[in-house]
Each structure stands twice: as structure tokens, then as C-alpha cells.
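**Q** I'm passing along upload_13.cif; it holds mmCIF, C-alpha atoms.
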data_work
loop_
_atom_site.label_atom_id
_atom_site.label_comp_id
_atom_site.auth_asym_id
_atom_site.auth_seq_id
_atom_site.Cartn_x
_atom_site.Cartn_y
_atom_site.Cartn_z
CA MET A 168 130.56 72.82 124.04
CA THR A 169 127.05 73.84 123.04
CA GLY A 170 128.04 76.22 120.25
CA HIS A 171 127.19 79.37 122.20
CA THR A 172 128.35 81.25 125.26
CA ASP A 173 126.35 82.04 128.38
CA GLY A 174 123.84 84.81 127.75
CA ALA A 175 124.26 84.60 123.99
CA ARG A 176 121.53 83.44 121.66
CA PRO A 177 122.02 79.80 120.62
CA LEU A 178 123.19 79.42 117.06
CA ASP A 179 120.59 78.00 114.69
CA THR A 180 122.55 75.61 112.52
CA ARG A 181 119.51 74.14 110.78
CA ALA A 182 119.78 76.56 107.86
CA ALA A 183 123.28 75.28 107.12
CA ILE A 184 122.12 71.70 106.66
CA PRO A 185 121.56 71.03 102.95
CA ASP A 186 118.48 69.21 101.72
CA PRO A 187 118.86 65.54 100.84
CA PRO A 188 119.51 65.12 97.10
CA ARG A 189 115.97 63.92 96.35
CA VAL A 190 114.39 66.85 98.22
CA ALA A 191 116.75 69.35 96.59
CA TRP A 192 115.96 67.95 93.13
CA ARG A 193 112.22 68.08 93.79
CA LYS A 194 112.40 71.74 94.90
CA HIS A 195 114.48 72.60 91.86
CA MET A 196 112.14 70.75 89.53
CA ARG A 197 109.06 72.38 91.08
CA ARG A 198 110.58 75.83 90.67
CA ARG A 199 111.48 75.16 87.03
CA VAL A 200 107.98 73.89 86.25
CA LEU A 201 106.27 76.87 87.91
CA ASP A 202 108.61 79.29 86.16
CA ALA A 203 107.82 77.65 82.82
CA ALA A 204 104.08 77.69 83.52
CA ARG A 205 104.30 81.37 84.41
CA ASP A 206 106.17 82.25 81.21
CA LEU A 207 103.73 80.32 79.04
CA THR A 208 100.71 81.85 80.78
CA CYS A 209 102.08 85.36 80.34
CA SER A 210 102.78 84.80 76.66
CA SER A 211 99.77 82.74 75.57
CA GLY A 212 97.22 82.71 78.41
CA TRP A 213 96.44 79.84 80.76
CA ASP A 214 93.78 78.44 78.44
CA GLN A 215 96.54 77.59 75.96
CA VAL A 216 98.89 75.99 78.51
CA SER A 217 99.21 72.21 78.60
CA LEU A 218 101.19 70.02 80.96
CA SER A 219 103.16 68.67 78.00
CA ALA A 220 104.19 72.18 76.95
CA VAL A 221 105.16 73.06 80.52
CA ALA A 222 107.20 69.88 80.90
CA THR A 223 109.02 70.57 77.64
CA ALA A 224 109.75 74.19 78.55
CA ALA A 225 110.98 73.17 82.01
CA GLU A 226 113.03 70.30 80.57
CA VAL A 227 111.49 67.73 82.89
CA SER A 228 109.41 64.66 82.19
CA ARG A 229 105.64 64.91 81.95
CA PRO A 230 105.19 62.14 84.57
CA SER A 231 107.28 64.22 86.98
CA VAL A 232 104.92 67.16 86.49
CA TYR A 233 101.88 64.95 87.08
CA LYS A 234 103.45 63.42 90.17
CA GLU A 235 104.23 66.81 91.68
CA PHE A 236 101.03 68.70 90.85
CA GLY A 237 98.45 65.99 90.20
CA ASN A 238 96.84 67.58 87.14
CA ARG A 239 96.55 70.84 85.23
CA ALA A 240 94.27 72.35 87.87
CA GLY A 241 96.80 71.52 90.58
CA LEU A 242 99.54 73.23 88.59
CA GLY A 243 97.38 76.31 88.07
CA ARG A 244 96.56 76.52 91.75
CA ALA A 245 100.24 76.19 92.75
CA LEU A 246 101.23 78.83 90.21
CA VAL A 247 98.72 81.41 91.45
CA LEU A 248 99.45 80.62 95.09
CA ARG A 249 103.17 81.25 94.60
CA GLU A 250 102.60 84.47 92.69
CA THR A 251 100.04 85.79 95.15
CA ARG A 252 102.17 85.01 98.20
CA GLU A 253 104.98 87.08 96.73
CA PHE A 254 102.55 89.83 95.81
CA LEU A 255 101.04 89.93 99.32
CA GLU A 256 104.51 90.23 100.80
CA SER A 257 104.87 93.46 98.85
CA VAL A 258 101.44 94.62 100.03
CA ALA A 259 102.53 93.98 103.62
CA LEU A 260 105.56 96.20 103.09
CA THR A 261 103.14 98.96 102.07
CA LEU A 262 100.97 98.51 105.18
CA TYR A 263 103.89 98.20 107.63
CA PRO A 264 104.92 100.49 109.13
CA GLY A 265 102.55 102.48 106.95
CA LEU A 266 101.47 106.09 107.21
CA PRO A 267 100.35 107.60 110.55
CA ASP A 268 96.81 108.10 109.29
CA PRO A 269 95.13 104.67 108.94
CA CYS A 270 92.94 105.82 106.06
CA ALA A 271 95.91 107.16 104.13
CA SER A 272 97.87 103.97 104.86
CA LEU A 273 95.04 101.75 103.64
CA GLU A 274 94.58 103.94 100.57
CA ALA A 275 98.28 103.57 99.75
CA ALA A 276 98.01 99.78 100.04
CA VAL A 277 94.93 99.57 97.82
CA PHE A 278 96.52 101.89 95.27
CA PHE A 279 99.61 99.67 95.29
CA VAL A 280 97.48 96.58 94.60
CA LEU A 281 95.55 98.21 91.76
CA THR A 282 98.67 99.54 90.05
CA GLU A 283 101.15 96.74 90.72
CA ALA A 284 98.71 94.03 89.67
CA HIS A 285 98.67 95.69 86.26
CA ARG A 286 102.48 95.59 86.14
CA ASN A 287 102.72 91.97 87.28
CA PRO A 288 102.80 89.92 84.04
CA LEU A 289 100.99 86.88 85.39
CA ILE A 290 98.25 88.69 87.31
CA ARG A 291 97.75 91.05 84.37
CA ALA A 292 97.42 88.08 81.99
CA VAL A 293 94.87 86.41 84.25
CA VAL A 294 92.79 89.54 84.76
CA LEU A 295 92.84 90.62 81.12
CA ALA A 296 91.80 87.16 79.99
CA ALA A 297 89.03 87.10 82.60
CA ARG A 298 87.60 90.33 81.20
CA LYS A 299 87.19 88.47 77.92
CA GLY A 300 85.54 85.56 79.75
CA SER A 301 88.18 82.98 78.90
CA ASP A 302 90.70 82.48 81.69
CA SER A 303 90.21 79.64 84.16
CA LEU A 304 92.88 80.79 86.61
CA LEU A 305 90.68 83.64 87.89
CA PRO A 306 88.78 81.50 90.44
CA TYR A 307 92.04 80.96 92.33
CA LEU A 308 92.29 84.75 92.77
CA THR A 309 88.67 85.36 93.72
CA ALA A 310 87.11 82.32 95.40
CA ARG A 311 86.06 82.94 98.98
CA ALA A 312 87.12 79.49 100.14
CA ASP A 313 90.49 79.71 98.45
CA PRO A 314 93.68 80.21 100.52
CA ILE A 315 94.58 83.26 98.41
CA PHE A 316 91.44 85.11 99.44
CA ASP A 317 91.99 84.05 103.03
CA ALA A 318 95.63 85.17 102.94
CA GLY A 319 94.60 88.66 101.85
CA GLN A 320 91.93 88.79 104.52
CA ASN A 321 94.30 87.60 107.23
CA LEU A 322 96.89 90.22 106.29
CA LEU A 323 94.35 93.03 106.44
CA ARG A 324 92.62 91.67 109.54
CA THR A 325 95.91 91.66 111.45
CA TRP A 326 96.72 95.19 110.31
CA LEU A 327 93.25 96.52 111.21
CA THR A 328 93.41 94.87 114.63
CA GLU A 329 96.73 96.57 115.36
CA ARG A 330 95.47 99.95 114.14
CA PHE A 331 92.05 99.66 115.83
CA PRO A 332 92.60 97.47 118.91
CA GLU A 333 89.43 98.74 120.59
CA ARG A 334 87.15 97.60 117.75
CA ASP A 335 85.02 94.48 117.93
CA GLU A 336 86.45 91.41 116.23
CA ASP A 337 83.35 90.97 114.07
CA LEU A 338 83.67 94.52 112.78
CA ILE A 339 87.32 93.89 111.95
CA ASP A 340 86.39 90.73 110.05
CA THR A 341 83.68 92.57 108.12
CA ALA A 342 86.01 95.43 107.21
CA ALA A 343 88.73 93.04 106.01
CA ASP A 344 86.22 91.07 103.97
CA ILE A 345 84.85 94.21 102.30
CA ALA A 346 88.34 95.50 101.52
CA VAL A 347 89.45 92.28 99.81
CA ARG A 348 86.21 91.79 97.87
CA MET A 349 86.07 95.38 96.64
CA THR A 350 89.74 95.43 95.68
CA ILE A 351 89.43 92.23 93.66
CA SER A 352 86.27 93.55 92.01
CA HIS A 353 88.12 96.67 90.90
CA LEU A 354 90.96 94.54 89.56
CA VAL A 355 88.59 92.63 87.30
CA LEU A 356 86.41 95.63 86.40
CA PRO A 357 88.67 98.63 86.86
CA GLY A 358 87.61 102.25 87.03
CA ALA A 359 89.18 105.02 85.02
CA ASP A 360 91.70 106.04 87.67
CA PRO A 361 93.04 103.84 90.51
CA ARG A 362 93.75 106.78 92.84
CA PRO A 363 90.10 107.87 93.40
CA THR A 364 89.14 104.21 93.57
CA ALA A 365 91.67 103.62 96.34
CA GLN A 366 90.41 106.69 98.20
CA ARG A 367 86.75 105.65 98.03
CA LEU A 368 87.50 102.05 98.96
CA SER A 369 89.60 102.93 102.00
CA LEU A 370 86.96 105.37 103.26
CA ALA A 371 84.21 102.76 102.81
CA VAL A 372 86.19 100.12 104.68
CA LEU A 373 87.04 102.33 107.64
CA LYS A 374 83.45 103.58 107.92
CA VAL A 375 82.56 100.05 109.00
CA LEU A 376 84.79 100.56 112.05
CA GLN A 377 83.24 103.87 113.15
#
Can the structure from this file be put into C-alpha cells for me?
**A**
Amino acid sequence: MTGHTDGARPLDTRAAIPDPPRVAWRKHMRRRVLDAARDLTCSSGWDQVSLSAVATAAEVSRPSVYKEFGNRAGLGRALVLRETREFLESVALTLYPGLPDPCASLEAAVFFVLTEAHRNPLIRAVVLAARKGSDSLLPYLTARADPIFDAGQNLLRTWLTERFPERDEDLIDTAADIAVRMTISHLVLPGADPRPTAQRLSLAVLKVLQ
């Protein structure tokens, strides 16, 4: 028996196989450490977070934290990567299937980013601290060579390609780059009202594709 009948989709039993104890413990420990780092950052700001405080809050040893993340910078990077991945998943739900009008759909996505980032405790803590010139997590949100920036670009590039399949690839890349850069700029230095900002930004991005 193969576990499936003719014409039926084979059963994927991999998900039912539990992780080995060491792997399961490491995943659990990593999650606890990142949760603790997030809580401490939201309450005190990343500048006040130490690996010792994170280890204590997560109830794990400091050497375990160092072994998993390397150093404080590695922990900060992992924290922002996790948070941003989850945030971008929500952005994708705004873009897909999206509104029939591409401009309105993009506007809705940008508006979602500008408003939800303010509601997200970690992103809000990072951005507010950056406005005061003190938070060192901001580069992970804004650096061009960082995977977070690239993830946002890739999401928008794929969406633009599907909405404008006849457009040149270079134009699509330029439009995605402008959208991500301008959105991040407005997060750090916000305007008075996110709705007009989202409208202007979406119009500017789609003009590139005309």
C-alpha cells in the first residue's frame, strides 16, 4: 500500500513527523527569546535591551542566547525579521485579491501599512525611537541591502507584474523600489493624515508604469 488510491493526491505525512527533541527545544527556546526581546523593546526601547535581560525574561541561559543569535545585533536582526515577515503577510492579504482598480488597491495597501505600523507595538517603538535619533533597530527596517527591504520589494514587484503584465521589467522594479522607499520614509517622518499620503504615493508609483 502506498497510502493513497489511484487518482488521489498522495498523502503528505511529513507534517505529522515531530521534530527531534533537540530541534524542538531549540525552536521553543528561540521563540521564547524573541518574544522576550519583543516585550522588552516595546516597554523600554531596544537601546535599553541587553542579552542578559532577555535571557532572564525568557528563562533561558545567556550562553544559549549567544549560541543561537551570535550577539545583540544578531538578536535584533532576527527580531525585526520575524516581525516584518508577519507584517508583510498581512500586507499581502490587502493586495490579494485586492480591488479591481490597481491604484485603489495599492492605495489600500499603503494605507494599511501606515496605519497598522502605528498599531504594531514593536514597529511603533522602533519608529518612535528613531524619530528621537536613538534606536538602532531602524537600519533593519530601512537598509537597501537588508532582506526586509528586499521582501517588501519582492512582494510589490510580484503584484505589479501580475497587474501590469505588459510593462517592462525595469519599470516594474523601479515602481516597486519607489513604493517601498516612499512608504518607509512616511513611516519615519509621517504626514498629518495617512489617507492623502497613501493616495499621493500610489499615484506616483503607478505613474512610473504609464
**Q** Name all residues at most 8 Å from region 229-246 of chain A (count all atoms listed in the file; drop same-chain ones fewer than 6 positions away) and give them as a PDB file with C-alpha atoms, in the frame of the given file.
**A**
ATOM      1  CA  ARG A 197     109.060  72.380  91.080  1.00  0.00           C
ATOM      2  CA  VAL A 200     107.980  73.890  86.250  1.00  0.00           C
ATOM      3  CA  LEU A 201     106.270  76.870  87.910  1.00  0.00           C
ATOM      4  CA  ALA A 204     104.080  77.690  83.520  1.00  0.00           C
ATOM      5  CA  ARG A 205     104.300  81.370  84.410  1.00  0.00           C
ATOM      6  CA  SER A 217      99.210  72.210  78.600  1.00  0.00           C
ATOM      7  CA  LEU A 218     101.190  70.020  80.960  1.00  0.00           C
ATOM      8  CA  SER A 219     103.160  68.670  78.000  1.00  0.00           C
ATOM      9  CA  ALA A 222     107.200  69.880  80.900  1.00  0.00           C
ATOM     10  CA  THR A 223     109.020  70.570  77.640  1.00  0.00           C
ATOM     11  CA  LEU A 304      92.880  80.790  86.610  1.00  0.00           C
ATOM     12  CA  TYR A 307      92.040  80.960  92.330  1.00  0.00           C
TER      13      TYR A 307
END
**Q** For CA of Ala342 (chain A) and CA of Val375 (chain A), quote the distance in Å rounded to one decimal.
**A**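 Atom-to-atom, CA of Ala342 (chain A) to CA of Val375 (chain A), that is 6.0 Å.
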**Q** CA of Ile315 (chain A) and CA of Leu248 (chain A), how far apart in Å?
**A**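 It comes out at 6.5 Å.
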**Q** As a check of understanding, name the residues that the PyMOL selection byres ((chain A and resi 352-363) around 10) selects in the supplied structure, as a PyMOL selection string.
**A** chain A and resi 274-275+277-282+284-285+290-291+293-298+305+309+346-351+364-369
**Q** Which residues, protein or nucleic acid, reach to within 6 Å of (96.7, 92.7, 103.8) in the file's coordinates when using all atoms listed in the file, and can you give that as a ChimeraX atom specification?
**A** /A:259,319,322-323
**Q** Using C-alpha atoms, can you write the selected residues to a file as an mmCIF file, in the coordinates of the input?
**A**
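selection04.cif was written with the following content:
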data_model
loop_
_atom_site.group_PDB
_atom_site.id
_atom_site.type_symbol
_atom_site.label_atom_id
_atom_site.label_comp_id
_atom_site.auth_asym_id
_atom_site.auth_seq_id
_atom_site.Cartn_x
_atom_site.Cartn_y
_atom_site.Cartn_z
ATOM 1 C CA ALA A 259 102.530 93.980 103.620
ATOM 2 C CA GLY A 319 94.600 88.660 101.850
ATOM 3 C CA LEU A 322 96.890 90.220 106.290
ATOM 4 C CA LEU A 323 94.350 93.030 106.440
#
**Q** Which one is closest to Ser228 (chain A): A:Glu333, A:Leu289, A:Met196, A:Leu373? Count only C-alpha atoms.
**A**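 The shortest atom-to-atom distance to Ser228 (chain A) comes from A:Met196.
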**Q** Just the number, please: distance in Å from CA of Pro269 (chain A) to CA of Thr251 (chain A), one decimal.
**A**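 Computing the Euclidean distance for CA of Pro269 (chain A) and CA of Thr251 (chain A) yields 23.9 Å.
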**Q** Applying the PyMOL selection byres ((chain A and resi 262) around 8) to the file I just gave you, which residues come out? Please list them as a PyMOL selection string.
**A** chain A and resi 258-261+263-266+272-273+275-276+326
**Q** Name the residues that the PyMOL selection byres ((chain A and resi 339) around 10) pulls out of this structure, and write them as a ChimeraX atom specification.
**A** /A:323-328,331-332,334-338,340-345,372-373,375-376
**Q** The selected residues should be written to file as a PDB file, in the frame of the given file (atoms: C-alpha atoms).
**A**
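Produced file selection-v8.pdb, reproduced below:
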ATOM      1  CA  LEU A 323      94.350  93.030 106.440  1.00  0.00           C
ATOM      2  CA  ARG A 324      92.620  91.670 109.540  1.00  0.00           C
ATOM      3  CA  THR A 325      95.910  91.660 111.450  1.00  0.00           C
ATOM      4  CA  TRP A 326      96.720  95.190 110.310  1.00  0.00           C
ATOM      5  CA  LEU A 327      93.250  96.520 111.210  1.00  0.00           C
ATOM      6  CA  THR A 328      93.410  94.870 114.630  1.00  0.00           C
ATOM      7  CA  PHE A 331      92.050  99.660 115.830  1.00  0.00           C
ATOM      8  CA  PRO A 332      92.600  97.470 118.910  1.00  0.00           C
ATOM      9  CA  ARG A 334      87.150  97.600 117.750  1.00  0.00           C
ATOM     10  CA  ASP A 335      85.020  94.480 117.930  1.00  0.00           C
ATOM     11  CA  GLU A 336      86.450  91.410 116.230  1.00  0.00           C
ATOM     12  CA  ASP A 337      83.350  90.970 114.070  1.00  0.00           C
ATOM     13  CA  LEU A 338      83.670  94.520 112.780  1.00  0.00           C
ATOM     14  CA  ASP A 340      86.390  90.730 110.050  1.00  0.00           C
ATOM     15  CA  THR A 341      83.680  92.570 108.120  1.00  0.00           C
ATOM     16  CA  ALA A 342      86.010  95.430 107.210  1.00  0.00           C
ATOM     17  CA  ALA A 343      88.730  93.040 106.010  1.00  0.00           C
ATOM     18  CA  ASP A 344      86.220  91.070 103.970  1.00  0.00           C
ATOM     19  CA  ILE A 345      84.850  94.210 102.300  1.00  0.00           C
ATOM     20  CA  VAL A 372      86.190 100.120 104.680  1.00  0.00           C
ATOM     21  CA  LEU A 373      87.040 102.330 107.640  1.00  0.00           C
ATOM     22  CA  VAL A 375      82.560 100.050 109.000  1.00  0.00           C
ATOM     23  CA  LEU A 376      84.790 100.560 112.050  1.00  0.00           C
TER      24      LEU A 376
END
**Q** Would you mind completing region 233-244 of chain A so that it carries all heavy atoms, and writing it out as a short mmCIF file (atom, residue, chain, number, x, y, z; two decimals), in the frame of the given file?
**A**
data_model
loop_
_atom_site.label_atom_id
_atom_site.label_comp_id
_atom_site.auth_asym_id
_atom_site.auth_seq_id
_atom_site.Cartn_x
_atom_site.Cartn_y
_atom_site.Cartn_z
N TYR A 233 103.11 65.54 86.54
CA TYR A 233 101.88 64.95 87.08
C TYR A 233 102.07 64.51 88.52
O TYR A 233 101.19 64.70 89.37
CB TYR A 233 101.45 63.76 86.22
CG TYR A 233 100.58 64.13 85.05
CD1 TYR A 233 101.08 64.11 83.75
CD2 TYR A 233 99.25 64.49 85.24
CE1 TYR A 233 100.29 64.45 82.67
CE2 TYR A 233 98.44 64.83 84.17
CZ TYR A 233 98.96 64.81 82.89
OH TYR A 233 98.16 65.15 81.83
N LYS A 234 103.21 63.92 88.81
CA LYS A 234 103.45 63.42 90.17
C LYS A 234 103.50 64.56 91.18
O LYS A 234 103.03 64.43 92.31
CB LYS A 234 104.76 62.62 90.20
CG LYS A 234 105.05 61.99 91.56
CD LYS A 234 106.31 61.14 91.51
CE LYS A 234 106.59 60.50 92.87
NZ LYS A 234 107.82 59.68 92.85
N GLU A 235 104.07 65.68 90.77
CA GLU A 235 104.23 66.81 91.68
C GLU A 235 102.95 67.59 91.86
O GLU A 235 102.62 68.02 92.98
CB GLU A 235 105.34 67.74 91.17
CG GLU A 235 105.60 68.95 92.04
CD GLU A 235 106.19 68.58 93.40
OE1 GLU A 235 106.79 67.50 93.51
OE2 GLU A 235 106.03 69.37 94.35
N PHE A 236 102.18 67.79 90.79
CA PHE A 236 101.03 68.70 90.85
C PHE A 236 99.68 67.99 90.67
O PHE A 236 98.64 68.62 90.88
CB PHE A 236 101.17 69.79 89.78
CG PHE A 236 102.38 70.65 89.98
CD1 PHE A 236 103.54 70.42 89.27
CD2 PHE A 236 102.37 71.69 90.91
CE1 PHE A 236 104.67 71.22 89.46
CE2 PHE A 236 103.48 72.49 91.10
CZ PHE A 236 104.64 72.25 90.38
N GLY A 237 99.70 66.73 90.31
CA GLY A 237 98.45 65.99 90.20
C GLY A 237 97.79 66.12 88.83
O GLY A 237 97.57 65.13 88.14
N ASN A 238 97.48 67.33 88.43
CA ASN A 238 96.84 67.58 87.14
C ASN A 238 97.01 69.06 86.79
O ASN A 238 97.69 69.80 87.51
CB ASN A 238 95.36 67.19 87.17
CG ASN A 238 94.62 67.83 88.35
OD1 ASN A 238 94.97 68.93 88.79
ND2 ASN A 238 93.60 67.14 88.85
N ARG A 239 96.41 69.46 85.70
CA ARG A 239 96.55 70.84 85.23
C ARG A 239 95.98 71.84 86.25
O ARG A 239 96.55 72.92 86.47
CB ARG A 239 95.85 70.99 83.88
CG ARG A 239 96.03 72.34 83.22
CD ARG A 239 95.48 72.27 81.79
NE ARG A 239 95.54 73.57 81.14
CZ ARG A 239 94.60 74.50 81.24
NH1 ARG A 239 93.53 74.28 81.99
NH2 ARG A 239 94.73 75.65 80.60
N ALA A 240 94.86 71.48 86.86
CA ALA A 240 94.27 72.35 87.87
C ALA A 240 95.20 72.53 89.07
O ALA A 240 95.32 73.62 89.62
CB ALA A 240 92.92 71.80 88.32
N GLY A 241 95.86 71.44 89.46
CA GLY A 241 96.80 71.52 90.58
C GLY A 241 97.98 72.41 90.25
O GLY A 241 98.46 73.17 91.11
N LEU A 242 98.44 72.35 89.01
CA LEU A 242 99.54 73.23 88.59
C LEU A 242 99.09 74.69 88.59
O LEU A 242 99.81 75.56 89.06
CB LEU A 242 100.01 72.82 87.19
CG LEU A 242 101.06 73.73 86.54
CD1 LEU A 242 102.34 73.76 87.38
CD2 LEU A 242 101.36 73.27 85.11
N GLY A 243 97.89 74.94 88.08
CA GLY A 243 97.38 76.31 88.07
C GLY A 243 97.23 76.88 89.46
O GLY A 243 97.58 78.04 89.72
N ARG A 244 96.73 76.07 90.36
CA ARG A 244 96.56 76.52 91.75
C ARG A 244 97.92 76.84 92.37
O ARG A 244 98.08 77.88 93.01
CB ARG A 244 95.86 75.42 92.55
CG ARG A 244 95.60 75.79 94.01
CD ARG A 244 94.93 74.62 94.72
NE ARG A 244 94.67 74.92 96.11
CZ ARG A 244 93.60 75.57 96.55
NH1 ARG A 244 92.70 76.02 95.70
NH2 ARG A 244 93.42 75.81 97.84
#
